[in-house]
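Engineer: structure.txt is the file, holding compact mmCIF, C-alpha atoms and all ligand atoms:
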```
# COMPACT_ATOMS: atom_id res chain seq x y z
CA MET A 339 40.30 -4.74 -15.50
CA SER A 340 37.20 -3.75 -13.43
CA SER A 341 33.91 -2.78 -15.17
CA VAL A 342 34.33 0.81 -14.00
CA ALA A 343 37.87 1.02 -15.39
CA THR A 344 36.67 -0.42 -18.74
CA VAL A 345 33.99 2.27 -18.99
CA THR A 346 36.51 4.98 -18.15
CA LYS A 347 38.89 3.67 -20.83
CA LEU A 348 36.19 3.43 -23.53
CA ALA A 349 35.03 6.98 -22.77
CA GLY A 350 38.56 8.12 -23.69
CA LEU A 351 37.74 7.31 -27.36
CA LEU A 352 34.94 9.95 -27.46
CA PRO A 353 35.20 13.76 -27.99
CA PRO A 354 36.18 15.45 -24.65
CA ASP A 355 32.75 16.94 -23.72
CA VAL A 356 30.83 13.79 -24.61
CA ALA A 357 33.48 11.69 -22.86
CA ARG A 358 33.13 13.70 -19.62
CA LEU A 359 29.35 13.23 -19.63
CA ALA A 360 29.58 9.58 -20.60
CA ARG A 361 32.23 8.90 -17.95
CA GLY A 362 30.04 10.33 -15.17
CA ASN A 363 26.78 8.73 -16.24
CA LEU A 364 28.16 5.36 -17.30
CA ARG A 365 30.26 5.12 -14.17
CA ARG A 366 27.13 5.70 -12.08
CA ILE A 367 25.12 3.13 -14.07
CA VAL A 368 27.87 0.52 -13.90
CA LEU A 369 28.38 1.10 -10.17
CA ARG A 370 24.63 0.66 -9.64
CA MET A 371 24.70 -2.65 -11.56
CA VAL A 372 27.80 -3.79 -9.66
CA SER A 373 26.18 -2.75 -6.33
CA CYS A 374 23.11 -4.79 -7.25
CA CYS A 375 25.19 -7.98 -7.88
CA GLN A 376 27.21 -7.16 -4.77
CA CYS A 377 24.01 -7.13 -2.65
CA GLU A 378 23.13 -10.64 -3.86
CA GLY A 379 26.70 -11.61 -2.96
CA ILE A 380 26.38 -9.96 0.49
CA ALA A 381 23.15 -11.83 1.27
CA ALA A 382 24.79 -15.14 0.30
CA GLN A 383 28.02 -14.33 2.18
CA PHE A 384 26.15 -13.44 5.39
CA GLY A 385 23.78 -16.41 5.29
CA SER A 386 22.19 -18.43 8.08
CA LYS A 387 25.29 -20.47 9.06
CA THR A 388 27.40 -17.31 9.46
CA ALA A 389 24.59 -15.53 11.30
CA ARG A 390 24.12 -18.40 13.80
CA ARG A 391 27.89 -18.63 14.40
CA GLU A 392 28.18 -14.85 14.88
CA LEU A 393 25.21 -14.80 17.30
CA ARG A 394 26.72 -17.63 19.38
CA ARG A 395 30.03 -15.74 19.46
CA PHE A 396 28.33 -12.47 20.49
CA ARG A 397 26.45 -14.21 23.33
CA ARG A 398 29.65 -15.84 24.61
CA ARG A 399 32.14 -13.00 24.18
CA GLY A 400 30.25 -9.75 23.50
CA PRO A 401 31.06 -7.31 20.66
CA HIS A 402 34.23 -7.62 18.55
CA ARG A 403 37.07 -5.41 19.85
CA SER A 404 36.67 -2.77 17.10
CA THR A 405 32.88 -2.70 17.65
CA GLN A 406 33.44 -2.25 21.40
CA VAL A 407 35.73 0.74 20.71
CA LEU A 408 32.99 2.26 18.52
CA ILE A 409 30.32 1.60 21.16
CA ASP A 410 32.50 3.29 23.80
CA GLY A 411 32.79 6.37 21.55
CA LEU A 412 29.01 6.61 21.16
CA ARG A 413 27.89 5.53 24.63
CA ALA A 414 27.60 8.92 26.36
CA GLU A 415 25.34 10.34 23.63
CA ALA A 416 23.37 7.08 23.27
CA ASN A 417 22.72 6.73 27.00
CA ALA A 418 20.96 10.10 27.01
CA GLY A 419 18.05 8.49 25.13
CA ALA A 420 19.27 8.82 21.54
CA SER A 421 17.71 7.11 18.53
CA LEU A 422 19.96 4.84 16.44
CA LEU A 423 20.20 3.85 12.79
CA ASP A 424 22.47 0.81 12.47
CA ILE A 425 23.21 0.11 8.81
CA GLY A 426 24.39 -3.45 8.19
CA GLY A 427 24.01 -4.15 11.89
CA GLY A 428 24.68 -7.90 11.56
CA VAL A 429 23.47 -9.68 14.71
CA GLY A 430 22.94 -6.24 16.29
CA ALA A 431 25.90 -5.93 18.67
CA ILE A 432 25.75 -2.11 18.61
CA HIS A 433 22.04 -1.59 19.07
CA HIS A 434 21.57 -4.39 21.65
CA THR A 435 24.36 -2.92 23.77
CA LEU A 436 23.30 0.73 23.41
CA ILE A 437 19.57 0.07 23.94
CA ASP A 438 20.42 -1.91 27.10
CA GLY A 439 22.46 1.13 28.17
CA GLY A 440 19.72 3.75 27.64
CA ALA A 441 19.28 4.53 23.91
CA SER A 442 15.61 5.02 23.09
CA ASP A 443 15.13 2.96 19.93
CA ALA A 444 16.92 1.65 16.84
CA THR A 445 16.35 0.95 13.17
CA HIS A 446 18.48 -1.86 11.78
CA VAL A 447 18.76 -1.99 7.96
CA ASP A 448 20.39 -5.09 6.51
CA VAL A 449 20.76 -6.86 3.16
CA SER A 450 20.95 -10.22 4.97
CA ASP A 451 17.60 -11.50 6.23
CA ASP A 452 19.47 -14.25 8.11
CA TYR A 453 21.34 -11.60 10.12
CA ILE A 454 18.06 -9.75 10.71
CA ALA A 455 16.49 -13.00 12.01
CA ALA A 456 19.43 -13.48 14.41
CA ALA A 457 19.27 -9.85 15.63
CA ARG A 458 15.50 -10.14 16.10
CA GLU A 459 15.93 -13.34 18.16
CA GLU A 460 18.51 -11.63 20.38
CA ALA A 461 16.22 -8.59 20.83
CA ALA A 462 13.40 -10.87 22.01
CA ARG A 463 15.78 -12.66 24.41
CA ARG A 464 16.87 -9.30 25.89
CA GLY A 465 13.25 -8.04 26.08
CA HIS A 466 13.68 -4.92 23.94
CA ALA A 467 12.15 -6.09 20.62
CA ASP A 468 9.49 -3.35 20.91
CA ARG A 469 12.22 -0.69 20.56
CA LEU A 470 13.69 -2.13 17.37
CA ARG A 471 12.59 -1.80 13.77
CA PHE A 472 14.10 -4.08 11.13
CA VAL A 473 14.28 -3.11 7.47
CA HIS A 474 15.46 -5.68 4.93
CA GLY A 475 17.39 -4.45 1.87
CA ASP A 476 20.15 -2.26 0.51
CA PHE A 477 20.37 0.92 2.59
CA VAL A 478 21.49 2.95 -0.46
CA GLN A 479 18.27 2.04 -2.29
CA LEU A 480 16.06 2.46 0.81
CA ALA A 481 17.58 5.64 2.29
CA ALA A 482 14.98 8.07 0.91
CA GLY A 483 12.22 6.29 2.88
CA LEU A 484 14.10 6.12 6.20
CA SER A 485 13.99 8.67 9.04
CA GLU A 486 17.02 10.50 10.41
CA ALA A 487 18.48 9.27 13.70
CA ASP A 488 20.58 10.87 16.43
CA ILE A 489 23.33 8.27 15.89
CA VAL A 490 24.10 6.43 12.64
CA THR A 491 26.58 3.54 12.40
CA LEU A 492 28.36 1.65 9.61
CA ASP A 493 30.37 -1.02 11.43
CA ARG A 494 32.45 -3.10 8.95
CA VAL A 495 29.95 -2.33 6.17
CA ILE A 496 31.82 0.20 3.98
CA CYS A 497 34.21 -2.62 2.98
CA CYS A 498 31.25 -4.63 1.60
CA TYR A 499 30.04 -1.93 -0.78
CA PRO A 500 31.56 -0.79 -4.12
CA ASP A 501 30.11 2.75 -4.19
CA MET A 502 31.54 4.20 -0.97
CA GLU A 503 30.46 7.79 -1.83
CA LEU A 504 26.78 6.83 -2.11
CA LEU A 505 26.74 4.62 0.99
CA VAL A 506 28.63 7.01 3.26
CA GLY A 507 26.98 10.15 1.84
CA ARG A 508 23.47 8.81 2.38
CA ALA A 509 24.34 7.54 5.86
CA ALA A 510 25.78 10.97 6.75
CA ASP A 511 22.58 12.65 5.54
CA LYS A 512 20.58 10.58 8.07
CA THR A 513 22.82 11.66 10.99
CA ARG A 514 21.46 14.27 13.43
CA ARG A 515 24.32 14.17 15.97
CA LEU A 516 26.93 11.37 15.78
CA PHE A 517 28.16 9.12 13.00
CA GLY A 518 30.35 6.10 13.77
CA ALA A 519 32.14 3.73 11.41
CA VAL A 520 34.64 0.88 11.33
CA TYR A 521 36.44 0.16 8.04
CA PRO A 522 39.72 -1.48 6.97
CA ARG A 523 42.91 0.55 7.22
CA ASN A 524 44.47 1.41 3.88
CA THR A 525 47.83 -0.25 4.59
CA ALA A 526 49.94 -2.44 2.27
CA LEU A 527 49.16 -5.42 4.53
CA MET A 528 45.38 -4.85 4.32
CA ARG A 529 45.45 -4.25 0.56
CA PHE A 530 47.36 -7.53 0.13
CA ALA A 531 45.02 -9.44 2.47
CA VAL A 532 41.89 -8.11 0.73
CA ARG A 533 43.32 -8.93 -2.71
CA ALA A 534 43.98 -12.51 -1.50
CA ILE A 535 40.45 -12.79 -0.04
CA ASN A 536 38.97 -11.59 -3.36
CA VAL A 537 41.00 -14.18 -5.32
CA LEU A 538 39.50 -16.88 -3.07
CA LEU A 539 35.99 -15.45 -3.44
CA ARG A 540 36.37 -15.36 -7.24
CA ALA A 541 37.61 -18.97 -7.23
CA ARG A 542 34.52 -19.96 -5.23
CA ARG A 543 32.42 -18.14 -7.88
CA THR A 544 30.64 -15.96 -5.32
CA ALA A 545 29.60 -12.42 -6.28
CA PHE A 546 30.74 -10.93 -2.95
CA ARG A 547 33.93 -8.83 -2.93
CA VAL A 548 35.75 -6.89 -0.19
CA PHE A 549 36.88 -3.27 -0.74
CA VAL A 550 39.54 -1.12 0.91
CA HIS A 551 38.17 2.39 0.33
CA SER A 552 40.49 5.32 0.95
CA PRO A 553 40.03 6.66 4.52
CA ALA A 554 40.96 10.15 3.20
CA ARG A 555 38.10 9.92 0.66
CA ILE A 556 35.70 8.68 3.37
CA ASP A 557 36.72 11.69 5.47
CA ASP A 558 36.11 14.03 2.47
CA VAL A 559 32.61 12.64 1.93
CA LEU A 560 31.70 12.99 5.61
CA ARG A 561 32.99 16.59 5.74
CA GLN A 562 31.08 17.46 2.55
CA HIS A 563 27.95 16.18 4.30
CA GLY A 564 28.44 18.43 7.34
CA LEU A 565 30.24 16.10 9.76
CA ASP A 566 33.58 16.69 11.52
CA ARG A 567 35.81 14.06 13.07
CA ILE A 568 35.75 13.84 16.88
CA GLU A 569 37.69 10.64 17.42
CA ARG A 570 39.85 8.13 15.52
CA GLN A 571 41.39 4.92 16.80
CA ARG A 572 43.24 2.18 14.97
CA THR A 573 43.87 -1.51 15.44
CA MET A 574 46.18 -3.45 13.12
CA VAL A 575 43.24 -4.11 10.77
CA TRP A 576 40.56 -1.49 11.41
CA GLU A 577 40.12 2.27 11.61
CA ILE A 578 37.37 3.30 14.03
CA VAL A 579 35.96 6.82 13.72
CA VAL A 580 33.30 9.00 15.35
CA TYR A 581 32.07 12.20 13.62
CA GLY A 582 29.76 14.91 14.97
CA ARG A 583 27.24 17.12 13.13
CA ARG A 584 28.88 20.54 12.54
CA GLY A 585 27.40 23.42 14.54
CA ARG A 586 25.62 21.31 17.14
C1 LIG B 601 30.84 -7.79 7.91
S1 LIG B 601 29.15 -7.71 8.35
C2 LIG B 601 29.22 -6.63 9.77
C3 LIG B 601 28.08 -6.83 10.72
C4 LIG B 601 28.15 -5.95 11.97
N1 LIG B 601 28.00 -4.55 11.65
C5 LIG B 601 29.45 -6.20 12.70
O1 LIG B 601 30.40 -5.42 12.58
O2 LIG B 601 29.51 -7.23 13.38
C6 LIG B 601 28.44 -6.64 7.10
C7 LIG B 601 26.97 -6.42 7.30
O3 LIG B 601 26.55 -5.35 6.46
C8 LIG B 601 25.39 -5.73 5.73
N2 LIG B 601 25.38 -4.87 4.53
C9 LIG B 601 26.37 -4.70 3.64
N3 LIG B 601 26.05 -3.77 2.72
C10 LIG B 601 24.81 -3.31 3.06
C11 LIG B 601 23.93 -2.33 2.50
N4 LIG B 601 24.26 -1.66 1.40
N5 LIG B 601 22.74 -2.11 3.10
C12 LIG B 601 22.41 -2.81 4.23
N6 LIG B 601 23.21 -3.75 4.79
C13 LIG B 601 24.40 -4.00 4.23
C14 LIG B 601 25.56 -7.22 5.55
O4 LIG B 601 24.36 -7.88 5.26
C15 LIG B 601 26.11 -7.62 6.91
O5 LIG B 601 25.08 -7.75 7.86
```
Could you write out this file's structure as structure tokens?
Structural biologist:
Amino acid sequence: MSSVATVTKLAGLLPPDVARLARGNLRRIVLRMVSCCQCEGIAAQFGSKTARRELRRFRRRGPHRSTQVLIDGLRAEANAGASLLDIGGGVGAIHHTLIDGGASDATHVDVSDDYIAAAREEAARRGHADRLRFVHGDFVQLAAGLSEADIVTLDRVICCYPDMELLVGRAADKTRRLFGAVYPRNTALMRFAVRAINVLLRARRTAFRVFVHSPARIDDVLRQHGLDRIERQRTMVWEIVVYGRRGR
């Protein structure tokens, strides 16, 4: 049973009012502790070997297919000189491509300093390092100190983080115009694959886990934070979405 489920079950032994309060607060505290361990796991999972391999792949073949679909959905707005906030940008496929195409500047927040080092190296190679700012750490913890951007992206990041509501909600709050994300589809095949991956990760005693968060819940959170869906595309594995700020 997960830590969150254990807390929920224990709260059932308390009087109803106290239980409701305890459930909410304890759930939040446990999720924060789990998120903290998860961030150590993320940094280890996306270490220097993975970062070097991913950078070599990006230089040879360009963005992954799902990332390219997301870039295409954001390109028109980005090319008009938009600012970007790329959360968990990895080697920086989104911001390198969009800055080369006309975006004004980008902030890249990442838990992995090895991925930041790779993205920084690529920015220097492309000659646009002066338009990039790198911030190392967990976006959820750092969000209050970060500026809004015209375009905010979470490309294959939601599946790394246990508390989807916090991650997506805070990312949405930083979005002035467009929000783009890529996350796993909630299909039986994906749920099975992710369960198998997590069994392997547990056997290797790493803290990192993969999550399939409900796309309907992700949509709810984004709508609650003032964003409406403009575009949705699917591959066998990924759902790729673009949302726009309501009333703009
Ligand atoms: C699967 S990789 C995806 C990288 C890139 N966006 C892509 O699609 O190629 C996940 C990335 O998200 C970062 N990450 C995960 N959770 C994060 C968080 N809460 N704050 C900042 N970065 C995070 C990881 O360090 C890693 O760079």
Engineer: Residues of chain A that approach ligand LIG 601 (chain B) to 9 Å or less, counting all atoms listed in the file: could you list each one with the shortest pair of atoms and its distance in Å to one decimal, rows by chain and increasing residue number, as CSV?
Structural biologist:
```
residue,atom,partner,partner_atom,distance
A:Ser373,CA,B:LIG601,N4,8.0
A:Gln376,CA,B:LIG601,N3,8.3
A:Cys377,CA,B:LIG601,N3,6.7
A:Ile380,CA,B:LIG601,O4,5.6
A:Ala381,CA,B:LIG601,O4,5.7
A:Ala382,CA,B:LIG601,O4,8.8
A:Gln383,CA,B:LIG601,O4,8.0
A:Phe384,CA,B:LIG601,O4,5.8
A:Gly385,CA,B:LIG601,O4,8.5
A:Ala389,CA,B:LIG601,O5,8.5
A:Glu392,CA,B:LIG601,O2,7.9
A:Phe396,CA,B:LIG601,O2,8.9
A:Pro401,CA,B:LIG601,O2,7.4
A:His402,CA,B:LIG601,O2,7.0
A:Ser404,CA,B:LIG601,O1,8.2
A:Thr405,CA,B:LIG601,O1,6.3
A:Asp424,CA,B:LIG601,N1,7.7
A:Ile425,CA,B:LIG601,C12,5.5
A:Gly426,CA,B:LIG601,O3,3.4
A:Gly427,CA,B:LIG601,N1,4.0
A:Gly428,CA,B:LIG601,C3,3.7
A:Val429,CA,B:LIG601,C4,6.6
A:Gly430,CA,B:LIG601,C4,6.8
A:Ala431,CA,B:LIG601,O2,6.5
A:Ile432,CA,B:LIG601,N1,7.7
A:His446,CA,B:LIG601,C12,8.6
A:Val447,CA,B:LIG601,C12,5.3
A:Asp448,CA,B:LIG601,N6,3.6
A:Val449,CA,B:LIG601,N6,4.3
A:Ser450,CA,B:LIG601,O4,4.1
A:Asp451,CA,B:LIG601,O4,7.7
A:Asp452,CA,B:LIG601,O4,8.5
A:Tyr453,CA,B:LIG601,O5,5.8
A:Ile454,CA,B:LIG601,O5,7.8
A:Val473,CA,B:LIG601,C12,8.8
A:His474,CA,B:LIG601,C12,7.6
A:Gly475,CA,B:LIG601,C12,5.8
A:Asp476,CA,B:LIG601,N5,3.7
A:Phe477,CA,B:LIG601,N5,3.9
A:Val478,CA,B:LIG601,N4,5.7
A:Gln479,CA,B:LIG601,N4,7.9
A:Leu480,CA,B:LIG601,N5,8.4
A:Thr491,CA,B:LIG601,N1,8.2
A:Leu492,CA,B:LIG601,N1,6.5
A:Asp493,CA,B:LIG601,N1,4.3
A:Arg494,CA,B:LIG601,O1,4.8
A:Val495,CA,B:LIG601,O3,4.6
A:Ile496,CA,B:LIG601,N3,7.1
A:Cys497,CA,B:LIG601,C1,7.9
A:Cys498,CA,B:LIG601,C9,5.3
A:Tyr499,CA,B:LIG601,N3,5.6
A:Leu505,CA,B:LIG601,N4,6.8
A:Val520,CA,B:LIG601,O1,7.7
```
Engineer: Nearest to Ala509 in chain A: which of A:Leu423, A:Glu460, A:Arg540, A:Arg523 is it, counting all atoms listed in the file?
Structural biologist: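 Of A:Leu423, A:Glu460, A:Arg540, A:Arg523, the one nearest Ala509 in chain A, counting all atoms listed in the file, is A:Leu423.
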Engineer: Out of A:Ser442, A:Ser421, A:Asn536, A:Thr388, which residue has the shortest atom-to-atom distance to Asp488 in chain A when counting all atoms listed in the file?
Structural biologist: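 Looking only at the distances to Asp488 in chain A, the closest residue turns out to be A:Ser421.
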Engineer: Would you pick out the contacts of Leu408 in chain A at 8 Å or less, using only C-alpha atoms, so that residues sharing its chain but fewer than 3 positions from it are not included, and give the list as a list of chain:residue names?
Structural biologist: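 Once the adjacent positions are removed, what remains is A:Ser404, A:Thr405, A:Gly411, A:Leu412, A:Gly518, A:Ala519, A:Val520, A:Ile578, A:Val579, A:Val580.
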Engineer: Have a look at A:Met502, A:Leu470, A:Ala418, A:Ala444 and name the one nearest to Asp557 in chain A; count all atoms listed in the file.
Structural biologist: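 That would be A:Met502, the residue with the smallest distance to Asp557 in chain A.
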Engineer: Give the answer as one residue: which of A:Val506, A:Val575, A:Leu484, A:Leu560 has the shortest atom-to-atom distance to Leu527 in chain A, using only C-alpha atoms?
Structural biologist: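 The closest residue to Leu527 in chain A is A:Val575.
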Engineer: Which of these, A:Arg463, A:His563, A:Arg390, A:Arg399, has the shortest distance to Gly582 in chain A once you count all atoms listed in the file?
Structural biologist: A:His563
Engineer: Mind pulling up the distance from CA of Leu504 in chain A to CA of Val559 in chain A?
Structural biologist: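 For CA of Val559 in chain A relative to CA of Leu504 in chain A, the distance reads 9.2 Å.
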